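Undergrad: Dropping in my_file-v8.cif, which is mmCIF, C-alpha atoms and all ligand atoms:
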data_start
loop_
_atom_site.label_atom_id
_atom_site.label_comp_id
_atom_site.auth_asym_id
_atom_site.auth_seq_id
_atom_site.Cartn_x
_atom_site.Cartn_y
_atom_site.Cartn_z
CA MET A 225 25.33 3.65 -9.57
CA GLY A 226 27.90 1.94 -7.35
CA GLU A 227 27.86 -1.54 -5.93
CA ARG A 228 25.50 -2.59 -3.14
CA VAL A 229 27.26 -4.00 -0.07
CA PRO A 230 25.80 -7.54 0.48
CA ASP A 231 24.92 -6.99 4.15
CA ALA A 232 23.73 -3.39 3.75
CA ASP A 233 20.52 -3.88 5.71
CA ALA A 234 22.33 -5.58 8.59
CA ILE A 235 24.83 -2.71 8.74
CA GLU A 236 22.01 -0.18 8.91
CA ALA A 237 20.27 -2.17 11.63
CA ALA A 238 23.54 -2.35 13.61
CA ASP A 239 24.02 1.40 13.20
CA ASP A 240 20.57 2.01 14.57
CA LYS A 241 21.17 -0.32 17.51
CA TYR A 242 24.75 0.45 18.51
CA VAL A 243 25.81 3.87 17.26
CA MET A 244 25.06 6.91 19.39
CA ARG A 245 24.52 10.32 17.81
CA PRO A 246 23.98 13.65 19.55
CA TRP A 247 20.71 14.35 17.74
CA THR A 248 17.67 12.52 16.44
CA HIS A 249 18.41 11.97 12.80
CA PRO A 250 15.75 12.64 10.20
CA ALA A 251 14.34 10.02 7.82
CA GLY A 252 16.85 9.11 5.11
CA GLU A 253 19.81 9.61 7.44
CA PRO A 254 22.41 8.57 8.30
CA VAL A 255 23.88 7.85 4.90
CA ILE A 256 26.45 5.12 5.49
CA ILE A 257 29.26 5.51 3.01
CA ALA A 258 31.04 2.47 1.62
CA ARG A 259 33.30 4.15 -0.92
CA ALA A 260 34.38 7.64 -1.88
CA ARG A 261 36.34 9.02 -4.82
CA GLY A 262 36.84 12.63 -5.84
CA CYS A 263 33.56 14.49 -5.34
CA VAL A 264 31.37 11.38 -5.27
CA VAL A 265 30.51 9.13 -2.33
CA THR A 266 28.65 5.83 -2.61
CA ASP A 267 26.44 4.48 0.15
CA ILE A 268 26.10 0.85 1.21
CA HIS A 269 23.08 0.44 -1.10
CA GLY A 270 25.20 1.47 -4.08
CA LYS A 271 23.63 4.92 -4.43
CA ASP A 272 26.02 7.67 -5.58
CA TYR A 273 25.91 11.16 -4.14
CA LEU A 274 27.69 14.29 -5.26
CA ASP A 275 29.27 15.27 -1.94
CA LEU A 276 28.66 18.96 -1.30
CA THR A 277 29.97 18.50 2.25
CA ALA A 278 33.48 17.26 1.30
CA GLY A 279 33.24 14.84 4.25
CA TYR A 280 32.43 17.80 6.42
CA PHE A 281 34.79 20.23 4.72
CA VAL A 282 37.83 18.00 5.14
CA ASN A 283 38.57 16.43 1.76
CA ASN A 284 39.45 19.63 -0.06
CA ALA A 285 41.49 17.75 -2.70
CA GLY A 286 38.65 15.25 -3.20
CA HIS A 287 38.00 11.93 -1.47
CA CYS A 288 40.78 9.34 -1.48
CA HIS A 289 43.14 11.37 -3.64
CA PRO A 290 45.84 8.94 -4.90
CA ARG A 291 48.62 11.28 -3.81
CA ILE A 292 47.31 11.40 -0.24
CA ILE A 293 46.73 7.64 -0.12
CA GLU A 294 50.26 7.04 -1.39
CA ALA A 295 51.86 9.38 1.17
CA ALA A 296 49.85 7.93 4.08
CA THR A 297 50.49 4.33 2.98
CA LYS A 298 54.21 4.97 2.73
CA GLN A 299 54.19 6.48 6.22
CA LEU A 300 52.28 3.46 7.59
CA GLY A 301 55.41 1.39 6.99
CA GLU A 302 57.71 3.83 8.79
CA VAL A 303 56.37 5.10 12.10
CA LEU A 304 52.78 5.80 13.20
CA GLN A 305 52.92 7.67 16.46
CA VAL A 306 55.44 8.90 18.98
CA SER A 307 54.93 11.01 22.07
CA GLY A 308 54.47 14.75 21.64
CA LYS A 309 57.75 15.05 23.59
CA HIS A 310 59.58 13.84 20.51
CA GLY A 311 58.73 14.13 16.81
CA THR A 312 58.36 12.53 13.41
CA ILE A 313 59.56 13.66 9.99
CA PRO A 314 56.05 14.38 8.54
CA ALA A 315 54.98 16.38 11.61
CA VAL A 316 58.13 18.54 11.39
CA ARG A 317 57.67 18.99 7.64
CA LEU A 318 54.00 19.86 8.04
CA ALA A 319 54.80 22.47 10.69
CA GLU A 320 57.46 23.97 8.40
CA LYS A 321 55.07 24.04 5.44
CA LEU A 322 52.24 25.66 7.39
CA ILE A 323 54.50 28.33 8.87
CA SER A 324 55.80 29.13 5.37
CA LEU A 325 52.19 29.71 4.21
CA ALA A 326 51.03 31.65 7.29
CA PRO A 327 51.50 35.39 7.89
CA ARG A 328 54.77 36.64 9.40
CA THR A 329 53.21 36.84 12.90
CA ILE A 330 52.97 33.04 13.02
CA ASN A 331 56.23 31.16 13.58
CA LYS A 332 55.58 27.97 15.54
CA ALA A 333 53.04 25.16 15.32
CA PHE A 334 51.54 22.95 18.02
CA PHE A 335 49.61 19.87 16.90
CA SER A 336 46.68 18.29 18.71
CA THR A 337 43.95 15.90 17.58
CA GLY A 338 41.11 18.07 16.24
CA GLY A 339 39.56 21.50 15.86
CA SER A 340 37.83 21.89 19.22
CA GLU A 341 40.97 20.85 21.06
CA ALA A 342 43.08 23.23 18.97
CA ASN A 343 40.77 26.10 19.95
CA GLU A 344 41.02 25.14 23.61
CA VAL A 345 44.79 25.28 23.31
CA ALA A 346 44.50 28.71 21.66
CA LEU A 347 42.36 30.04 24.53
CA ARG A 348 44.85 28.74 27.06
CA MET A 349 47.80 30.19 25.11
CA ALA A 350 46.18 33.62 24.89
CA ARG A 351 45.23 33.72 28.58
CA GLN A 352 48.68 32.59 29.66
CA PHE A 353 50.41 35.15 27.50
CA ARG A 354 48.27 38.12 28.42
CA LYS A 355 47.59 36.99 32.00
CA LYS A 356 43.97 37.94 31.48
CA PRO A 357 40.95 35.61 31.63
CA GLU A 358 38.30 37.00 29.26
CA VAL A 359 37.81 36.16 25.59
CA ALA A 360 35.52 37.93 23.14
CA TYR A 361 33.81 35.92 20.40
CA LEU A 362 31.52 36.80 17.51
CA GLU A 363 27.76 36.51 17.68
CA ASN A 364 26.85 33.46 15.57
CA GLY A 365 30.39 32.09 16.10
CA TYR A 366 31.06 28.35 16.29
CA HIS A 367 34.32 27.05 17.71
CA GLY A 368 33.60 23.48 18.72
CA MET A 369 31.76 21.19 21.07
CA THR A 370 34.18 20.63 23.96
CA LEU A 371 33.45 22.63 27.11
CA GLY A 372 36.18 25.24 26.56
CA SER A 373 35.38 25.86 22.90
CA LEU A 374 31.65 25.98 23.75
CA GLU A 375 32.41 28.87 26.08
CA VAL A 376 33.22 30.96 23.01
CA THR A 377 30.49 29.50 20.80
CA ALA A 378 27.42 31.70 20.47
CA SER A 379 24.54 29.25 20.02
CA GLU A 380 22.41 29.18 23.19
CA LYS A 381 21.10 25.76 22.21
CA TYR A 382 24.59 24.29 22.07
CA ARG A 383 25.68 26.07 25.25
CA GLU A 384 22.70 24.84 27.24
CA ALA A 385 23.45 21.29 26.11
CA ALA A 386 26.68 21.53 28.13
CA GLY A 387 24.54 20.59 31.13
CA LYS A 388 26.02 23.27 33.37
CA PRO A 389 26.34 27.04 33.14
CA LEU A 390 29.42 27.94 31.14
CA GLY A 391 31.99 30.40 32.50
CA THR A 392 31.08 34.07 32.48
CA ASP A 393 34.55 35.26 31.51
CA ASN A 394 33.62 35.53 27.85
CA TYR A 395 31.30 37.75 25.89
CA ALA A 396 29.93 38.17 22.38
CA VAL A 397 30.72 41.06 20.01
CA PRO A 398 28.71 41.90 16.87
CA THR A 399 29.17 39.95 13.69
CA ALA A 400 28.57 41.11 10.11
CA TYR A 401 25.40 39.48 8.79
CA CYS A 402 25.09 41.98 5.94
CA TYR A 403 22.09 40.33 4.22
CA ARG A 404 20.05 40.93 7.37
CA CYS A 405 21.68 44.24 8.34
CA LYS A 406 19.53 46.41 10.64
CA TYR A 407 21.17 49.64 9.51
CA GLY A 408 20.16 49.91 5.87
CA PRO A 409 21.41 49.14 2.36
CA HIS A 410 24.82 47.59 1.96
CA ALA A 411 26.02 50.28 -0.46
CA GLN A 412 25.76 52.88 2.30
CA CYS A 413 27.41 50.72 4.98
CA LYS A 414 29.35 52.70 7.56
CA VAL A 415 29.92 49.66 9.75
CA GLU A 416 27.33 50.92 12.24
CA CYS A 417 27.20 47.42 13.75
CA LEU A 418 30.62 48.16 15.27
CA ASP A 419 29.77 51.62 16.63
CA GLY A 420 29.76 50.19 20.14
CA ILE A 421 32.89 48.04 19.84
CA ASP A 422 35.31 50.43 21.58
CA ALA A 423 32.94 50.83 24.53
CA LEU A 424 32.40 47.08 24.69
CA PHE A 425 36.13 46.31 24.77
CA ASP A 426 36.65 49.10 27.34
CA ALA A 427 33.96 47.57 29.54
CA HIS A 428 36.02 44.35 29.51
CA PRO A 429 39.59 45.44 30.32
CA ASN A 430 40.50 41.83 31.17
CA THR A 431 40.10 40.65 27.60
CA ALA A 432 42.99 38.44 26.49
CA ALA A 433 41.79 37.71 22.98
CA LEU A 434 39.15 37.93 20.31
CA ILE A 435 38.43 34.56 18.69
CA ALA A 436 36.83 34.73 15.25
CA GLU A 437 36.61 33.02 11.92
CA PRO A 438 37.70 35.61 9.33
CA ILE A 439 34.61 34.52 7.35
CA GLN A 440 31.93 32.80 9.41
CA ALA A 441 31.26 29.35 8.07
CA VAL A 442 27.85 29.21 9.76
CA GLY A 443 25.88 30.89 7.01
CA GLY A 444 28.93 31.89 4.94
CA LEU A 445 29.17 35.42 6.34
CA ALA A 446 32.04 37.39 4.81
CA PRO A 447 32.42 40.80 6.46
CA PRO A 448 33.37 43.75 4.26
CA GLN A 449 37.01 44.87 4.43
CA LYS A 450 36.06 47.97 6.42
CA TRP A 451 34.38 45.80 9.07
CA TRP A 452 37.56 43.86 9.67
CA ASP A 453 39.68 47.04 9.51
CA ARG A 454 37.62 48.58 12.28
CA MET A 455 37.43 45.45 14.43
CA ASP A 456 41.15 44.81 14.00
CA GLN A 457 42.03 48.37 14.92
CA ALA A 458 39.82 48.30 18.04
CA ARG A 459 41.31 45.06 19.34
CA LYS A 460 44.92 45.98 18.49
CA LYS A 461 44.66 49.33 20.30
CA ARG A 462 44.01 47.39 23.51
CA GLY A 463 46.57 44.63 22.98
CA ILE A 464 43.78 42.08 22.51
CA LEU A 465 45.16 39.09 20.62
CA LEU A 466 43.39 37.85 17.53
CA ILE A 467 42.80 34.09 17.42
CA ALA A 468 41.87 33.30 13.81
CA ASP A 469 39.86 30.08 13.69
CA GLU A 470 40.70 28.76 10.22
CA ILE A 471 39.47 25.24 10.92
CA GLN A 472 36.86 25.41 8.17
CA THR A 473 38.04 28.44 6.18
CA GLY A 474 41.67 27.33 5.81
CA MET A 475 43.37 24.96 3.36
CA GLY A 476 42.26 26.89 0.29
CA ARG A 477 38.52 26.67 0.86
CA THR A 478 37.82 30.39 0.41
CA GLY A 479 40.05 30.79 -2.66
CA LYS A 480 43.13 31.73 -0.60
CA MET A 481 45.23 29.42 1.56
CA PHE A 482 43.77 31.09 4.66
CA ALA A 483 40.73 33.39 4.85
CA ILE A 484 42.81 36.00 6.75
CA ASP A 485 44.62 36.53 3.43
CA HIS A 486 41.48 38.18 1.98
CA TYR A 487 41.71 40.93 4.58
CA GLY A 488 45.43 41.27 5.27
CA LEU A 489 44.83 40.18 8.86
CA GLU A 490 47.84 39.19 10.94
CA PRO A 491 46.51 37.18 13.88
CA GLU A 492 48.72 36.40 16.83
CA ILE A 493 47.28 32.87 16.98
CA LEU A 494 46.10 30.76 14.02
CA VAL A 495 43.99 27.64 14.50
CA GLY A 496 43.50 24.85 11.97
CA GLY A 497 41.87 21.44 11.69
CA LYS A 498 39.62 19.50 9.30
CA GLY A 499 41.60 19.25 6.00
CA LEU A 500 44.90 19.63 7.81
CA SER A 501 45.22 15.81 7.96
CA GLY A 502 44.22 15.34 4.32
CA GLY A 503 41.32 13.31 5.71
CA VAL A 504 43.69 10.74 7.20
CA GLY A 505 42.70 10.64 10.85
CA SER A 506 42.48 14.04 12.45
CA LEU A 507 44.82 16.86 13.38
CA GLY A 508 44.42 20.16 15.19
CA LEU A 509 46.83 23.07 14.77
CA THR A 510 47.44 25.97 17.15
CA ALA A 511 50.14 28.19 15.71
CA ALA A 512 51.53 31.40 17.17
CA GLY A 513 54.39 33.89 17.17
CA THR A 514 57.69 33.12 18.85
CA GLU A 515 56.96 35.17 22.01
CA ILE A 516 53.58 33.55 22.64
CA ALA A 517 55.10 30.13 21.96
CA ARG A 518 57.80 30.83 24.58
CA HIS A 519 55.14 31.48 27.23
CA PHE A 520 53.07 28.44 26.30
CA PHE A 521 52.86 25.86 29.05
CA GLY A 522 50.74 22.75 28.99
CA GLY A 523 52.60 20.36 31.27
CA THR A 524 51.66 17.51 29.01
CA THR A 525 50.55 17.00 25.39
CA PRO A 526 47.55 15.25 23.81
CA THR A 527 48.58 11.59 23.44
CA SER A 528 47.88 11.35 19.73
CA GLY A 529 48.58 14.97 18.76
CA GLY A 530 50.24 15.34 15.36
CA ASN A 531 50.39 11.64 14.49
CA ALA A 532 52.76 10.87 11.66
CA VAL A 533 50.27 9.30 9.22
CA SER A 534 47.85 12.23 9.49
CA ALA A 535 50.73 14.67 9.06
CA ALA A 536 51.89 12.81 5.93
CA GLY A 537 48.29 12.98 4.62
CA GLY A 538 48.09 16.69 5.38
CA LEU A 539 51.37 17.46 3.66
CA ALA A 540 50.24 15.53 0.58
CA MET A 541 46.93 17.43 0.61
CA ILE A 542 48.72 20.80 0.62
CA GLU A 543 51.03 19.65 -2.20
CA THR A 544 48.00 18.48 -4.20
CA ILE A 545 46.08 21.70 -3.70
CA PHE A 546 49.01 23.63 -5.19
CA ALA A 547 49.98 21.09 -7.87
CA GLU A 548 46.43 20.91 -9.21
CA GLY A 549 45.58 24.60 -8.91
CA LEU A 550 42.67 23.85 -6.57
CA ILE A 551 42.74 27.22 -4.81
CA GLU A 552 42.26 28.91 -8.18
CA ASN A 553 39.56 26.36 -9.02
CA ALA A 554 37.75 27.27 -5.79
CA VAL A 555 37.66 30.91 -6.93
CA VAL A 556 36.38 30.06 -10.41
CA MET A 557 33.85 27.46 -9.22
CA GLY A 558 32.62 29.74 -6.44
CA ARG A 559 31.79 32.38 -9.07
CA TYR A 560 30.25 29.81 -11.38
CA PHE A 561 28.10 28.47 -8.54
CA THR A 562 26.95 31.98 -7.61
CA GLU A 563 25.96 32.89 -11.16
CA ALA A 564 24.23 29.57 -11.81
CA ALA A 565 22.22 29.81 -8.58
CA TRP A 566 21.06 33.37 -9.31
CA ALA A 567 20.24 32.39 -12.90
CA LEU A 568 17.57 30.01 -11.54
CA LYS A 569 15.59 33.14 -10.58
CA ASP A 570 13.84 31.03 -7.98
CA PRO A 571 11.63 33.08 -5.63
CA TRP A 572 12.94 31.14 -2.62
CA ILE A 573 16.57 32.07 -3.31
CA GLY A 574 17.15 35.10 -1.10
CA ASP A 575 20.91 35.31 -1.13
CA VAL A 576 23.82 33.46 -2.68
CA ARG A 577 27.02 33.84 -0.71
CA PHE A 578 30.26 32.21 -1.75
CA THR A 579 33.83 33.16 -0.97
CA GLY A 580 35.67 30.61 -3.08
CA LEU A 581 33.82 27.43 -2.15
CA LEU A 582 32.82 28.51 1.36
CA GLY A 583 29.19 29.46 1.76
CA GLY A 584 25.86 28.58 0.27
CA ILE A 585 22.36 29.73 -0.54
CA GLU A 586 19.98 31.40 1.93
CA LEU A 587 16.37 30.39 1.35
CA VAL A 588 13.47 32.73 2.12
CA LYS A 589 9.68 32.67 1.74
CA HIS A 590 9.65 36.00 -0.10
CA ARG A 591 12.63 37.70 -1.59
CA GLU A 592 11.33 41.19 -0.72
CA THR A 593 10.51 40.56 2.94
CA ARG A 594 13.44 38.14 3.39
CA GLU A 595 11.18 36.10 5.64
CA ILE A 596 13.06 32.97 6.70
CA LEU A 597 12.04 29.70 5.04
CA GLY A 598 10.69 27.46 7.82
CA LYS A 599 12.22 24.34 9.28
CA ALA A 600 9.67 22.00 7.70
CA GLU A 601 10.35 23.29 4.18
CA MET A 602 14.10 23.30 4.77
CA SER A 603 14.08 19.69 5.78
CA LYS A 604 11.97 18.78 2.74
CA VAL A 605 14.49 20.60 0.54
CA LYS A 606 17.34 18.65 2.13
CA ASP A 607 15.52 15.31 1.81
CA HIS A 608 14.61 15.96 -1.82
CA LEU A 609 18.20 16.88 -2.67
CA HIS A 610 19.39 13.69 -0.98
CA GLU A 611 16.88 11.66 -2.96
CA GLN A 612 18.36 13.16 -6.10
CA GLY A 613 21.87 12.15 -5.06
CA MET A 614 23.04 15.49 -3.65
CA LEU A 615 24.63 15.28 -0.20
CA ILE A 616 24.27 18.62 1.56
CA THR A 617 23.95 20.13 5.02
CA VAL A 618 21.80 22.95 6.31
CA SER A 619 23.36 25.77 8.31
CA GLY A 620 22.99 29.43 9.29
CA LEU A 621 21.83 31.40 12.30
CA HIS A 622 18.20 30.65 11.38
CA GLY A 623 18.79 27.21 9.87
CA ASN A 624 17.78 28.37 6.38
CA VAL A 625 21.11 28.25 4.53
CA LEU A 626 22.04 25.37 2.23
CA ARG A 627 25.70 24.96 3.03
CA LEU A 628 27.34 23.94 -0.26
CA GLN A 629 31.02 23.24 0.21
CA PRO A 630 32.23 20.47 -2.11
CA PRO A 631 35.86 19.41 -2.58
CA LEU A 632 37.81 22.20 -4.25
CA SER A 633 38.33 19.91 -7.24
CA ILE A 634 34.66 20.09 -8.27
CA THR A 635 33.94 20.78 -11.96
CA SER A 636 31.37 23.04 -13.62
CA GLN A 637 29.61 19.92 -15.01
CA GLN A 638 29.15 18.60 -11.49
CA LEU A 639 27.85 21.97 -10.32
CA ASP A 640 25.41 21.94 -13.26
CA GLN A 641 24.07 18.61 -11.97
CA PHE A 642 23.52 20.15 -8.56
CA ILE A 643 21.84 23.26 -9.96
CA LEU A 644 19.44 21.10 -11.97
CA ALA A 645 18.60 19.08 -8.85
CA LEU A 646 18.09 22.29 -6.88
CA ARG A 647 15.76 23.67 -9.52
CA ASN A 648 13.60 20.53 -9.37
CA THR A 649 13.74 20.42 -5.60
CA LEU A 650 12.62 24.00 -5.00
CA ARG A 651 9.77 23.65 -7.49
CA THR A 652 8.64 20.32 -6.04
CA VAL A 653 8.76 21.40 -2.39
CA ARG A 654 6.99 24.68 -3.16
CA GLY A 655 4.38 22.81 -5.14
CA GLY A 656 3.26 20.91 -2.05
N1 LIG B 1 35.73 25.74 14.60
C1 LIG B 1 35.11 25.75 13.41
C2 LIG B 1 35.02 27.04 12.67
C3 LIG B 1 34.56 24.59 12.88
O1 LIG B 1 33.94 24.61 11.69
C4 LIG B 1 34.68 23.37 13.60
C5 LIG B 1 34.12 22.08 13.07
N2 LIG B 1 32.90 22.18 12.40
C6 LIG B 1 35.33 23.40 14.84
C7 LIG B 1 35.85 24.59 15.31
C8 LIG B 1 35.49 22.15 15.67
O2 LIG B 1 36.35 21.24 15.06
P1 LIG B 1 36.24 19.67 15.41
O3 LIG B 1 34.87 19.23 14.99
O4 LIG B 1 37.35 19.04 14.63
O5 LIG B 1 36.44 19.54 16.88
#
Can you turn what I pasted into structure tokens?

TA:
Amino acid sequence: MGERVPDADAIEAADDKYVMRPWTHPAGEPVIIARARGCVVTDIHGKDYLDLTAGYFVNNAGHCHPRIIEAATKQLGEVLQVSGKHGTIPAVRLAEKLISLAPRTINKAFFSTGGSEANEVALRMARQFRKKPEVAYLENGYHGMTLGSLEVTASEKYREAAGKPLGTDNYAVPTAYCYRCKYGPHAQCKVECLDGIDALFDAHPNTAALIAEPIQAVGGLAPPQKWWDRMDQARKKRGILLIADEIQTGMGRTGKMFAIDHYGLEPEILVGGKGLSGGVGSLGLTAAGTEIARHFFGGTTPTSGGNAVSAAGGLAMIETIFAEGLIENAVVMGRYFTEAAWALKDPWIGDVRFTGLLGGIELVKHRETREILGKAEMSKVKDHLHEQGMLITVSGLHGNVLRLQPPLSITSQQLDQFILALRNTLRTVRGG
């Protein structure tokens, strides 16, 4: 148990009165965090939570890692921010580092202030380069909440919330939701879901790019290699650029630096965000090959793009991930998590999907029918886990996936704590 902040109730009342959120939050939320270290966050009442959200998939090296704090603090005494016309040492070094870790098709980095903005820049870059307006995106894809990134985000609910019809220059292509595949057992997969992809691309000759997460974070959907091979071949044949959105999948989360590395994909544009700043402020990355970079025109830059303190934090985060073997730990802990979840043999556990520490557990009413566990039960599961000190989020196309993405530094003992809480939770909620 941590320490209770003396004016905790007043802070909560002020949050309720003055802070705007784009949804009605359920009972027990928001959790207002006063302190965070490693994989544990402490709320203003002194309650500790194991953070299976990593501050929304940002703090991959753990909260407040001393190395990141030291690098950011040192930078605070040097220079904070200069115009995007000029540069700072950490921003140059971060660009150099990222390019050294990216595939050979990616040679130059442009920094903005967050993921949605970085995707908007990617769309603009692709359209400018190919002089074509359309962009294909994956069904179930999420690329942000600004108007441009919403145009390539699949969720009708999110799109409608834009308040005006979104542009019609974009269209969805099939994704690989193998657990709910319409075409039969996985072992016999012939990638039938992509049988129509050539015709679809041909029907849209003005397609500049395909934007996709290599592994979809919404629901943790990792396509088989042959799915990506076929999709990649179809888009390449037509000169369609691949924009790889690695905002959530990058920075070691999937057990490789980037999720494209699982498939040998060589995108023409690579987008990053979240952990890129080490949790110090926020950064967006749009990186591309030399030719695309040469054609890139923006006229101006985002005022705070690539600020020096965030860049110093991001560099320190990358160094930490490698120094502490956290990418390898993500692989080992992802496997451990998978085995431990299956070992519960709980009838509500329909599927366990982890690539490294990206993914989660899909809950169903019956394992045989795969009937989706309803919203009411899902929210009870979430509330009960919170009560037991497990901070999680719910995700997935049908809202029935427990998204479990802790810092990559998590230990097997901490995962055991979560598994025990999950066991109690599922039994309790099912019991009434
Ligand atoms: N793309 C993906 C895949 C994401 O997960 C997110 C953030 N959840 C975004 C884009 C948008 O990033 P941001 O919230 O920093 O604008």

Undergrad: Counting only C-alpha atoms and all ligand atoms, figure out which residue out of A:Val442, A:Ala285, A:Met614, A:Ala319 gets nearest to ligand LIG 1 (chain B).

TA: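 With only C-alpha atoms and all ligand atoms as the atom set, the closest residue is A:Val442.
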
Undergrad: Let me have all residues with an atom within 10 Å of ligand LIG 1 (chain B), counting all atoms listed in the file, laid out as a PyMOL selection string.

TA: chain A and resi 280-282+337-344+365-370+373-374+377+436-442+468-474+495-499+506-508

Undergrad: For the atom pair atom CA of A:Gly503 and atom CA of A:Ala296, what is the interatomic distance in Å to one decimal place?

TA: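 The value is 10.2 Å.
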
Undergrad: Could you name the residues that touch A:Val243 at 12 Å or less, counting all atoms listed in the file, but leaving out those on the same chain fewer than 6 positions away, as a VMD selection string?

TA: chain A and resid 235 to 237 249 254 256

Undergrad: For each of A:Gly488, A:Gly443, A:Arg317, A:Ser534, take the minimum atom-to-atom distance to A:Gly623, counting all atoms listed in the file, then give the residue where this is smallest.

TA: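 The closest residue to A:Gly623 is A:Gly443.
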
Undergrad: Would you pick out the contacts of A:Lys332 at 8 Å or less, using only C-alpha atoms, so that residues sharing its chain but fewer than 3 positions from it are not included, and give the list as JSON, numbers by chain?

TA: {"A": [319, 323, 511, 512, 513, 514, 517]}
